[in-house]
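Structure file protein_11.pdb; described as PDB, C-alpha atoms and all ligand atoms.
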ATOM      1  CA  LYS A   1     113.394  82.441 147.704
ATOM      2  CA  ASN A   2     116.505  81.630 145.722
ATOM      3  CA  LEU A   3     116.275  83.305 142.310
ATOM      4  CA  SER A   4     118.500  80.628 140.775
ATOM      5  CA  ASP A   5     115.621  78.172 141.363
ATOM      6  CA  LEU A   6     113.321  80.049 138.958
ATOM      7  CA  SER A   7     112.362  77.703 136.148
ATOM      8  CA  THR A   8     110.414  77.331 132.923
ATOM      9  CA  ASN A   9     107.601  74.816 132.600
ATOM     10  CA  GLY A  10     105.540  74.575 129.418
ATOM     11  CA  ASN A  11     104.589  78.150 128.540
ATOM     12  CA  SER A  12     105.155  79.447 132.090
ATOM     13  CA  LYS A  13     108.432  81.245 132.789
ATOM     14  CA  ASN A  14     110.030  82.406 136.054
ATOM     15  CA  ILE A  15     108.046  80.145 138.342
ATOM     16  CA  LEU A  16     109.080  78.653 141.654
ATOM     17  CA  TRP A  17     107.596  75.629 143.480
ATOM     18  CA  HIS A  18     106.076  76.682 146.816
ATOM     19  CA  GLU A  19     106.257  74.150 149.673
ATOM     20  CA  CYS A  20     103.752  74.082 152.544
ATOM     21  CA  PRO A  21     104.724  72.583 155.932
ATOM     22  CA  ILE A  22     101.524  70.468 155.922
ATOM     23  CA  GLN A  23     102.257  67.624 153.503
ATOM     24  CA  LYS A  24     100.577  64.557 152.030
ATOM     25  CA  LEU A  25     101.701  62.389 154.973
ATOM     26  CA  ASP A  26     100.024  64.779 157.442
ATOM     27  CA  ARG A  27      96.764  64.694 155.481
ATOM     28  CA  GLN A  28      96.905  60.904 155.234
ATOM     29  CA  LYS A  29      97.372  60.660 158.999
ATOM     30  CA  LEU A  30      94.295  62.820 159.502
ATOM     31  CA  LEU A  31      92.249  60.686 157.091
ATOM     32  CA  GLN A  32      93.721  57.291 158.118
ATOM     33  CA  GLN A  33      94.169  56.241 154.488
ATOM     34  CA  LYS A  34      96.654  56.705 151.616
ATOM     35  CA  GLY A  35      95.880  58.929 148.650
ATOM     36  CA  CYS A  36      95.863  57.058 145.360
ATOM     37  CA  VAL A  37      94.178  56.876 141.955
ATOM     38  CA  ILE A  38      91.962  53.980 140.932
ATOM     39  CA  TRP A  39      91.877  54.309 137.159
ATOM     40  CA  ILE A  40      88.906  52.403 135.709
ATOM     41  CA  THR A  41      89.156  51.867 131.942
ATOM     42  CA  GLY A  42      86.846  50.040 129.528
ATOM     43  CA  LEU A  43      84.392  50.426 126.683
ATOM     44  CA  SER A  44      81.268  52.556 126.905
ATOM     45  CA  GLY A  45      78.694  50.455 128.773
ATOM     46  CA  SER A  46      81.294  48.192 130.394
ATOM     47  CA  GLY A  47      80.166  49.351 133.853
ATOM     48  CA  LYS A  48      82.800  51.953 134.775
ATOM     49  CA  SER A  49      80.412  54.449 136.402
ATOM     50  CA  THR A  50      78.434  51.700 138.143
ATOM     51  CA  ILE A  51      81.551  50.136 139.654
ATOM     52  CA  ALA A  52      83.012  53.542 140.556
ATOM     53  CA  CYS A  53      79.819  54.286 142.539
ATOM     54  CA  ALA A  54      79.717  50.852 144.209
ATOM     55  CA  LEU A  55      83.357  51.292 145.211
ATOM     56  CA  SER A  56      82.816  54.821 146.504
ATOM     57  CA  ARG A  57      79.753  53.733 148.512
ATOM     58  CA  SER A  58      81.530  50.774 150.058
ATOM     59  CA  LEU A  59      84.666  52.755 150.971
ATOM     60  CA  HIS A  60      82.540  55.618 152.326
ATOM     61  CA  SER A  61      80.716  53.204 154.637
ATOM     62  CA  ARG A  62      84.139  52.159 156.003
ATOM     63  CA  GLY A  63      84.955  55.804 156.757
ATOM     64  CA  LYS A  64      87.248  56.325 153.767
ATOM     65  CA  LEU A  65      87.215  59.553 151.742
ATOM     66  CA  THR A  66      86.811  59.039 147.977
ATOM     67  CA  TYR A  67      86.056  61.257 144.990
ATOM     68  CA  ILE A  68      84.919  60.147 141.540
ATOM     69  CA  LEU A  69      86.084  61.830 138.337
ATOM     70  CA  ASP A  70      83.663  60.550 135.679
ATOM     71  CA  GLY A  71      84.349  61.283 131.992
ATOM     72  CA  ASP A  72      80.738  62.161 131.186
ATOM     73  CA  ASN A  73      80.530  64.542 134.179
ATOM     74  CA  ILE A  74      83.879  66.289 133.668
ATOM     75  CA  ARG A  75      82.913  66.863 130.010
ATOM     76  CA  HIS A  76      80.073  69.048 131.365
ATOM     77  CA  GLY A  77      82.582  71.455 132.959
ATOM     78  CA  LEU A  78      86.385  71.407 132.986
ATOM     79  CA  ASN A  79      86.547  69.514 129.673
ATOM     80  CA  ARG A  80      83.521  70.980 127.930
ATOM     81  CA  ASP A  81      85.766  72.280 125.131
ATOM     82  CA  LEU A  82      86.852  68.745 124.145
ATOM     83  CA  GLY A  83      85.326  66.294 121.673
ATOM     84  CA  PHE A  84      86.206  62.714 120.800
ATOM     85  CA  LYS A  85      89.020  62.924 118.242
ATOM     86  CA  ALA A  86      92.262  61.301 119.381
ATOM     87  CA  GLU A  87      93.913  64.624 120.454
ATOM     88  CA  ASP A  88      90.807  65.632 122.417
ATOM     89  CA  ARG A  89      90.598  62.264 124.174
ATOM     90  CA  SER A  90      94.325  62.579 125.043
ATOM     91  CA  GLU A  91      93.832  66.073 126.451
ATOM     92  CA  ASN A  92      90.735  64.880 128.362
ATOM     93  CA  ILE A  93      92.793  62.135 129.967
ATOM     94  CA  ARG A  94      95.807  64.363 130.598
ATOM     95  CA  ARG A  95      93.703  66.944 132.467
ATOM     96  CA  ILE A  96      91.844  64.319 134.472
ATOM     97  CA  GLY A  97      95.167  62.620 135.258
ATOM     98  CA  GLU A  98      96.485  65.930 136.635
ATOM     99  CA  VAL A  99      93.342  66.522 138.718
ATOM    100  CA  ALA A 100      93.508  62.933 140.004
ATOM    101  CA  LYS A 101      97.127  63.512 141.007
ATOM    102  CA  LEU A 102      96.087  66.578 143.056
ATOM    103  CA  LEU A 103      93.278  64.651 144.760
ATOM    104  CA  ALA A 104      95.642  61.770 145.592
ATOM    105  CA  ASP A 105      98.083  64.326 147.019
ATOM    106  CA  ALA A 106      95.195  65.630 149.133
ATOM    107  CA  GLY A 107      95.071  62.109 150.637
ATOM    108  CA  ILE A 108      91.876  61.165 148.831
ATOM    109  CA  ILE A 109      91.168  57.827 147.138
ATOM    110  CA  CYS A 110      90.373  59.198 143.694
ATOM    111  CA  ILE A 111      88.356  56.958 141.373
ATOM    112  CA  THR A 112      88.338  57.839 137.664
ATOM    113  CA  SER A 113      85.893  56.346 135.195
ATOM    114  CA  LEU A 114      86.898  57.145 131.635
ATOM    115  CA  ILE A 115      87.065  55.033 128.503
ATOM    116  CA  SER A 116      90.724  56.162 128.175
ATOM    117  CA  PRO A 117      91.214  54.106 125.016
ATOM    118  CA  TYR A 118      94.933  54.750 124.429
ATOM    119  CA  GLN A 119      97.715  52.957 126.299
ATOM    120  CA  LYS A 120     100.103  55.908 125.995
ATOM    121  CA  ASP A 121      97.609  58.311 127.621
ATOM    122  CA  ARG A 122      96.946  55.903 130.518
ATOM    123  CA  ASP A 123     100.698  55.360 130.953
ATOM    124  CA  ALA A 124     101.307  59.126 131.002
ATOM    125  CA  CYS A 125      98.845  59.426 133.925
ATOM    126  CA  ARG A 126     100.508  56.506 135.697
ATOM    127  CA  ALA A 127     103.853  58.299 135.337
ATOM    128  CA  LEU A 128     102.466  61.366 137.180
ATOM    129  CA  LEU A 129     102.078  59.394 140.419
ATOM    130  CA  PRO A 130     104.473  57.823 142.909
ATOM    131  CA  LYS A 131     105.052  54.114 142.211
ATOM    132  CA  GLY A 132     102.097  51.969 143.273
ATOM    133  CA  ASP A 133      99.651  54.859 143.663
ATOM    134  CA  PHE A 134      98.142  54.454 140.175
ATOM    135  CA  ILE A 135      95.936  51.382 140.296
ATOM    136  CA  GLU A 136      94.579  50.498 136.858
ATOM    137  CA  VAL A 137      91.320  48.522 136.780
ATOM    138  CA  PHE A 138      90.460  47.068 133.372
ATOM    139  CA  LEU A 139      86.792  46.221 132.824
ATOM    140  CA  ASP A 140      87.288  43.424 130.338
ATOM    141  CA  VAL A 141      83.748  43.264 128.959
ATOM    142  CA  PRO A 142      83.155  42.071 125.374
ATOM    143  CA  LEU A 143      81.861  44.680 122.944
ATOM    144  CA  ALA A 144      78.796  42.478 122.319
ATOM    145  CA  VAL A 145      77.818  42.703 126.008
ATOM    146  CA  CYS A 146      78.296  46.501 126.114
ATOM    147  CA  GLU A 147      76.357  46.881 122.882
ATOM    148  CA  ALA A 148      73.503  44.707 124.161
ATOM    149  CA  ARG A 149      73.255  46.899 127.295
ATOM    150  CA  ASP A 150      73.424  50.176 125.329
ATOM    151  CA  PRO A 151      71.796  52.188 128.174
ATOM    152  CA  LYS A 152      72.136  55.516 126.338
ATOM    153  CA  GLY A 153      71.320  54.187 122.838
ATOM    154  CA  LEU A 154      74.706  55.401 121.597
ATOM    155  CA  TYR A 155      75.839  52.089 120.050
ATOM    156  CA  LYS A 156      72.622  52.044 118.028
ATOM    157  CA  LEU A 157      73.339  55.549 116.765
ATOM    158  CA  ALA A 158      76.965  54.626 116.031
ATOM    159  CA  ARG A 159      75.920  51.494 114.066
ATOM    160  CA  ALA A 160      73.484  53.652 112.098
ATOM    161  CA  GLY A 161      76.369  56.011 111.250
ATOM    162  CA  MET A 162      74.800  58.850 113.218
ATOM    163  CA  ILE A 163      77.751  59.070 115.626
ATOM    164  CA  LYS A 164      81.161  58.969 113.951
ATOM    165  CA  GLY A 165      84.257  57.745 115.771
ATOM    166  CA  PHE A 166      82.494  55.779 118.495
ATOM    167  CA  THR A 167      84.866  53.680 120.614
ATOM    168  CA  GLY A 168      84.690  49.984 119.698
ATOM    169  CA  ILE A 169      82.700  50.638 116.516
ATOM    170  CA  ASP A 170      84.813  52.914 114.321
ATOM    171  CA  ASP A 171      87.336  54.184 116.860
ATOM    172  CA  PRO A 172      90.015  52.163 118.658
ATOM    173  CA  TYR A 173      90.187  50.780 122.193
ATOM    174  CA  GLU A 174      93.628  49.491 123.168
ATOM    175  CA  PRO A 175      93.137  46.911 125.963
ATOM    176  CA  PRO A 176      95.639  47.412 128.784
ATOM    177  CA  CYS A 177      98.328  44.726 129.008
ATOM    178  CA  SER A 178      99.426  45.088 132.624
ATOM    179  CA  SER A 179      96.575  46.375 134.769
ATOM    180  CA  GLU A 180      96.789  45.868 138.523
ATOM    181  CA  ILE A 181      93.227  44.493 138.468
ATOM    182  CA  VAL A 182      91.312  42.865 135.590
ATOM    183  CA  LEU A 183      87.555  42.413 136.049
ATOM    184  CA  LYS A 184      86.220  39.997 133.461
ATOM    185  CA  GLN A 185      82.570  39.841 132.448
ATOM    186  CA  GLN A 186      81.489  36.598 130.808
ATOM    187  CA  GLN A 187      79.266  36.782 127.769
ATOM    188  CA  GLN A 188      76.564  34.365 129.069
ATOM    189  CA  LYS A 189      73.381  36.031 130.207
ATOM    190  CA  GLY A 190      72.652  35.912 133.916
ATOM    191  CA  SER A 191      76.292  35.359 134.792
ATOM    192  CA  ASP A 192      76.858  36.957 138.186
ATOM    193  CA  CYS A 193      80.630  36.521 138.274
ATOM    194  CA  MET A 194      81.080  40.280 138.258
ATOM    195  CA  SER A 195      78.256  42.085 139.968
ATOM    196  CA  PRO A 196      79.191  45.723 140.693
ATOM    197  CA  ASN A 197      79.471  44.841 144.413
ATOM    198  CA  ASN A 198      81.739  41.855 143.732
ATOM    199  CA  ALA A 199      83.890  44.056 141.527
ATOM    200  CA  ALA A 200      84.088  46.734 144.233
ATOM    201  CA  GLU A 201      85.064  44.087 146.814
ATOM    202  CA  LYS A 202      87.943  42.919 144.588
ATOM    203  CA  VAL A 203      89.293  46.454 144.376
ATOM    204  CA  ILE A 204      88.872  46.953 148.132
ATOM    205  CA  SER A 205      90.813  43.716 148.830
ATOM    206  CA  TYR A 206      93.627  45.054 146.664
ATOM    207  CA  LEU A 207      93.630  48.377 148.551
ATOM    208  CA  GLU A 208      93.610  46.606 151.896
ATOM    209  CA  LYS A 209      96.431  44.230 150.914
ATOM    210  CA  ASN A 210      98.551  47.097 149.655
ATOM    211  CA  GLY A 211      98.083  49.309 152.703
ATOM    212  CA  TYR A 212      95.940  52.063 151.160
ATOM    213  CA  LEU A 213      93.207  51.819 153.806
ATOM    214  CA  ARG A 214      95.518  52.865 156.651
ATOM    215  CA  ALA A 215      97.848  55.851 157.090
TER     216      ALA A 215
HETATM  217  N1  LIG A 301      82.433  59.052 119.924
HETATM  218  C1  LIG A 301      82.290  58.617 121.186
HETATM  219  N2  LIG A 301      83.059  57.592 121.650
HETATM  220  C2  LIG A 301      82.939  57.170 122.912
HETATM  221  N3  LIG A 301      82.075  57.698 123.820
HETATM  222  C3  LIG A 301      81.289  58.720 123.423
HETATM  223  C4  LIG A 301      81.368  59.217 122.093
HETATM  224  N4  LIG A 301      80.456  60.223 121.978
HETATM  225  C5  LIG A 301      79.852  60.354 123.167
HETATM  226  N5  LIG A 301      80.343  59.458 124.040
HETATM  227  C6  LIG A 301      79.926  59.414 125.472
HETATM  228  O1  LIG A 301      81.033  59.955 126.183
HETATM  229  C7  LIG A 301      81.470  59.085 127.207
HETATM  230  C8  LIG A 301      82.979  58.826 127.130
HETATM  231  O2  LIG A 301      83.686  59.915 127.600
HETATM  232  P1  LIG A 301      85.162  59.717 128.149
HETATM  233  O3  LIG A 301      85.604  61.066 128.615
HETATM  234  O4  LIG A 301      85.197  58.606 129.134
HETATM  235  O5  LIG A 301      85.952  59.268 126.837
HETATM  236  S1  LIG A 301      87.522  59.223 126.563
HETATM  237  O6  LIG A 301      88.174  58.633 127.744
HETATM  238  O7  LIG A 301      87.985  60.597 126.327
HETATM  239  O8  LIG A 301      87.703  58.391 125.353
HETATM  240  C9  LIG A 301      80.754  57.775 127.002
HETATM  241  O9  LIG A 301      80.263  57.467 128.287
HETATM  242  P2  LIG A 301      80.394  56.002 128.959
HETATM  243  O10 LIG A 301      79.300  55.226 128.287
HETATM  244  O11 LIG A 301      80.099  56.276 130.404
HETATM  245  O12 LIG A 301      81.746  55.434 128.739
HETATM  246  C10 LIG A 301      79.646  58.051 126.012
HETATM  247  O13 LIG A 301      78.421  58.140 126.692
HETATM  248  N1  LIG A 302      78.536  44.234 136.580
HETATM  249  C1  LIG A 302      77.460  44.492 135.863
HETATM  250  N2  LIG A 302      76.634  43.510 135.489
HETATM  251  C2  LIG A 302      75.543  43.766 134.748
HETATM  252  N3  LIG A 302      75.174  44.994 134.306
HETATM  253  C3  LIG A 302      75.964  46.012 134.637
HETATM  254  C4  LIG A 302      77.157  45.823 135.434
HETATM  255  N4  LIG A 302      77.750  47.032 135.581
HETATM  256  C5  LIG A 302      76.974  47.916 134.925
HETATM  257  N5  LIG A 302      75.895  47.323 134.376
HETATM  258  C6  LIG A 302      74.864  47.994 133.570
HETATM  259  O1  LIG A 302      75.466  48.312 132.330
HETATM  260  C7  LIG A 302      75.079  49.597 131.896
HETATM  261  C8  LIG A 302      76.291  50.489 131.682
HETATM  262  O2  LIG A 302      76.896  50.742 132.909
HETATM  263  P1  LIG A 302      77.720  52.076 133.163
HETATM  264  O3  LIG A 302      78.230  51.994 134.568
HETATM  265  O4  LIG A 302      76.919  53.276 132.783
HETATM  266  O5  LIG A 302      78.929  51.876 132.134
HETATM  267  P2  LIG A 302      80.026  52.911 131.602
HETATM  268  O6  LIG A 302      80.216  53.961 132.672
HETATM  269  O7  LIG A 302      81.256  52.069 131.395
HETATM  270  O8  LIG A 302      79.485  53.447 130.321
HETATM  271  C9  LIG A 302      74.109  50.135 132.944
HETATM  272  O9  LIG A 302      72.805  49.914 132.472
HETATM  273  C10 LIG A 302      74.411  49.312 134.169
HETATM  274  O10 LIG A 302      73.271  49.145 134.974
END
What does the file become when written as structure tokens?
Amino acid sequence: KNLSDLSTNGNSKNILWHECPIQKLDRQKLLQQKGCVIWITGLSGSGKSTIACALSRSLHSRGKLTYILDGDNIRHGLNRDLGFKAEDRSENIRRIGEVAKLLADAGIICITSLISPYQKDRDACRALLPKGDFIEVFLDVPLAVCEARDPKGLYKLARAGMIKGFTGIDDPYEPPCSSEIVLKQQQQKGSDCMSPNNAAEKVISYLEKNGYLRA
């Protein structure tokens, strides 16, 4: 190794990047797909986890390897030290963005389902990936619909002041302005314009059209 290549990165000094002869392209060839990140963002209750699962199931049945990074789940382990203040949410997203980047480099179709309320945090994750490989999916579901669903009873607690800083109630959500895919949920009851399976199909069409389902 050439000592002049030793570098500093963050708090790490004297580190050198190690290349392996087996690269992303080789892994993609093996898997017959392209590694990428499908970044699902939206309010609590907008359907992120449901759509992530529908998408994973559908891609799996076509022989494609996926992995879901779900905010709730990752907060049980890797991110168990983080809460919900703005810096903690940013760090949550930064770490998951880095893990997603590794999974995409492994050739996997990585699906993240996080509120990710801040544009700058989402954009920082986008910037970690090669152009095109970060596919943002905005679940554009009105707060009233999410609040009416309230599957975990958290909106009720937030309205009663028992949870402080709940997204959409007393904490911000910055809607994305240039997502690759926008999935809109109408407010009328019984509207089936965005069933989880329809939503998954829209994402799969995008992947197909953009060459992610072949090596
Ligand atoms: N204060 C507050 N605000 C928002 N959400 C809260 C809060 N406290 C707990 N929860 C639960 O945590 C889930 C969101 O975690 P995320 O990691 O996706 O959030 S973030 O991206 O860091 O903003 C979120 O899950 P989802 O409903 O699946 O989105 C909530 O169940
Ligand atoms: N497309 C949809 N149409 C109707 N209800 C949905 C849809 N997607 C999710 N749901 C329901 O909404 C609730 C919240 O979904 P969930 O996937 O947990 O959202 P999130 O992960 O964004 O918090 C669940 O009860 C789920 O069954």
Review point. Quick one, how far is atom CA of Leu154 of chain A from atom C7 of ligand LIG 302 (chain A)?
Key: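 Answer for the atom CA of Leu154 of chain A to atom C7 of ligand LIG 302 (chain A) separation: 11.8 Å.
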Practice item. Using all atoms listed in the file, determine which residues fall within 6 Å of ligand LIG 301 (chain A), then list them as JSON, numbers by chain. Key: {"A": [44, 45, 71, 72, 84, 89, 92, 114, 115, 116, 117, 165, 166, 167]}
Check your understanding: Can you tell me, as a PyMOL selection string, what residues are no more than 10 Å from Cys146 of chain A when counting all atoms listed in the file, ignoring any on the same chain fewer than 2 positions away?
Key -> chain A and resi 42-47+141-144+148-151+155+168+187
Review point. Which one of A:Tyr212, A:Tyr67, A:Phe138, A:Tyr118 sits closest to Glu87 of chain A if you count only C-alpha atoms?
Key: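 Of A:Tyr212, A:Tyr67, A:Phe138, A:Tyr118, the one nearest Glu87 of chain A is A:Tyr118, counting only C-alpha atoms.
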Is it possible to get the axis-aligned box enclosing segment 101-110 of chain A (all listed atoms, 6 Å extra per side) as lines of an AutoDock Vina configuration file, with centre and edge lengths in Å rounded to one decimal?
center_x = 94.2
center_y = 62.2
center_z = 145.8
size_x = 19.7
size_y = 20.8
size_z = 21.6
Just segment 32-105 of chain A from the block, C-alpha atoms, as a compact mmCIF listing (two decimals), in the first residue's frame, could you?
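Written out: decode.txt:
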# COMPACT_ATOMS: atom_id res chain seq x y z
CA GLN A 32 -29.57 -10.44 -12.04
CA GLN A 33 -30.64 -7.06 -10.65
CA LYS A 34 -29.13 -3.65 -9.81
CA GLY A 35 -28.55 -2.55 -6.23
CA CYS A 36 -30.47 0.58 -5.32
CA VAL A 37 -32.32 2.32 -2.48
CA ILE A 38 -36.07 2.84 -2.51
CA TRP A 39 -36.53 5.57 0.07
CA ILE A 40 -40.15 5.68 1.28
CA THR A 41 -41.01 8.88 3.17
CA GLY A 42 -44.29 10.06 4.70
CA LEU A 43 -46.15 10.75 7.92
CA SER A 44 -46.68 8.15 10.62
CA GLY A 45 -49.60 6.00 9.45
CA SER A 46 -49.21 6.95 5.78
CA GLY A 47 -48.54 3.30 4.90
CA LYS A 48 -44.74 3.18 4.61
CA SER A 49 -44.27 -0.22 6.30
CA THR A 50 -47.28 -1.72 4.52
CA ILE A 51 -46.05 -0.64 1.09
CA ALA A 52 -42.46 -1.66 1.88
CA CYS A 53 -43.73 -5.18 2.68
CA ALA A 54 -45.99 -5.37 -0.40
CA LEU A 55 -43.06 -4.28 -2.55
CA SER A 56 -40.66 -6.74 -0.94
CA ARG A 57 -43.16 -9.60 -1.33
CA SER A 58 -43.83 -8.82 -4.97
CA LEU A 59 -40.14 -8.45 -5.89
CA HIS A 60 -39.27 -11.61 -3.94
CA SER A 61 -41.84 -13.58 -5.94
CA ARG A 62 -40.06 -12.39 -9.11
CA GLY A 63 -36.76 -13.73 -7.77
CA LYS A 64 -35.35 -10.35 -6.73
CA LEU A 65 -33.40 -9.90 -3.49
CA THR A 66 -34.68 -7.07 -1.26
CA TYR A 67 -34.10 -5.94 2.31
CA ILE A 68 -36.25 -3.56 4.34
CA LEU A 69 -34.81 -1.03 6.78
CA ASP A 70 -37.81 0.10 8.85
CA GLY A 71 -37.45 3.05 11.25
CA ASP A 72 -39.38 1.39 14.06
CA ASN A 73 -37.29 -1.81 13.76
CA ILE A 74 -33.87 -0.16 13.48
CA ARG A 75 -34.73 1.92 16.58
CA HIS A 76 -34.83 -1.41 18.47
CA GLY A 77 -31.14 -2.05 17.71
CA LEU A 78 -28.62 0.04 15.78
CA ASN A 79 -30.44 3.30 16.61
CA ARG A 80 -31.71 2.47 20.08
CA ASP A 81 -29.74 5.42 21.49
CA LEU A 82 -31.73 7.95 19.42
CA GLY A 83 -34.94 9.82 20.22
CA PHE A 84 -37.08 12.16 18.15
CA LYS A 85 -35.47 15.60 18.47
CA ALA A 86 -34.27 17.06 15.18
CA GLU A 87 -30.58 16.04 15.72
CA ASP A 88 -31.61 12.49 16.64
CA ARG A 89 -33.88 12.15 13.61
CA SER A 90 -31.00 13.44 11.42
CA GLU A 91 -28.57 10.92 12.91
CA ASN A 92 -31.18 8.15 12.53
CA ILE A 93 -31.50 8.97 8.85
CA ARG A 94 -27.77 9.41 8.32
CA ARG A 95 -27.00 5.96 9.77
CA ILE A 96 -29.80 4.28 7.85
CA GLY A 97 -28.66 6.07 4.68
CA GLU A 98 -25.15 4.64 5.19
CA VAL A 99 -26.48 1.12 5.81
CA ALA A 100 -28.74 1.42 2.75
CA LYS A 101 -25.71 2.46 0.69
CA LEU A 102 -23.85 -0.70 1.79
CA LEU A 103 -26.84 -2.91 0.95
CA ALA A 104 -27.19 -1.29 -2.49
CA ASP A 105 -23.46 -1.88 -3.03
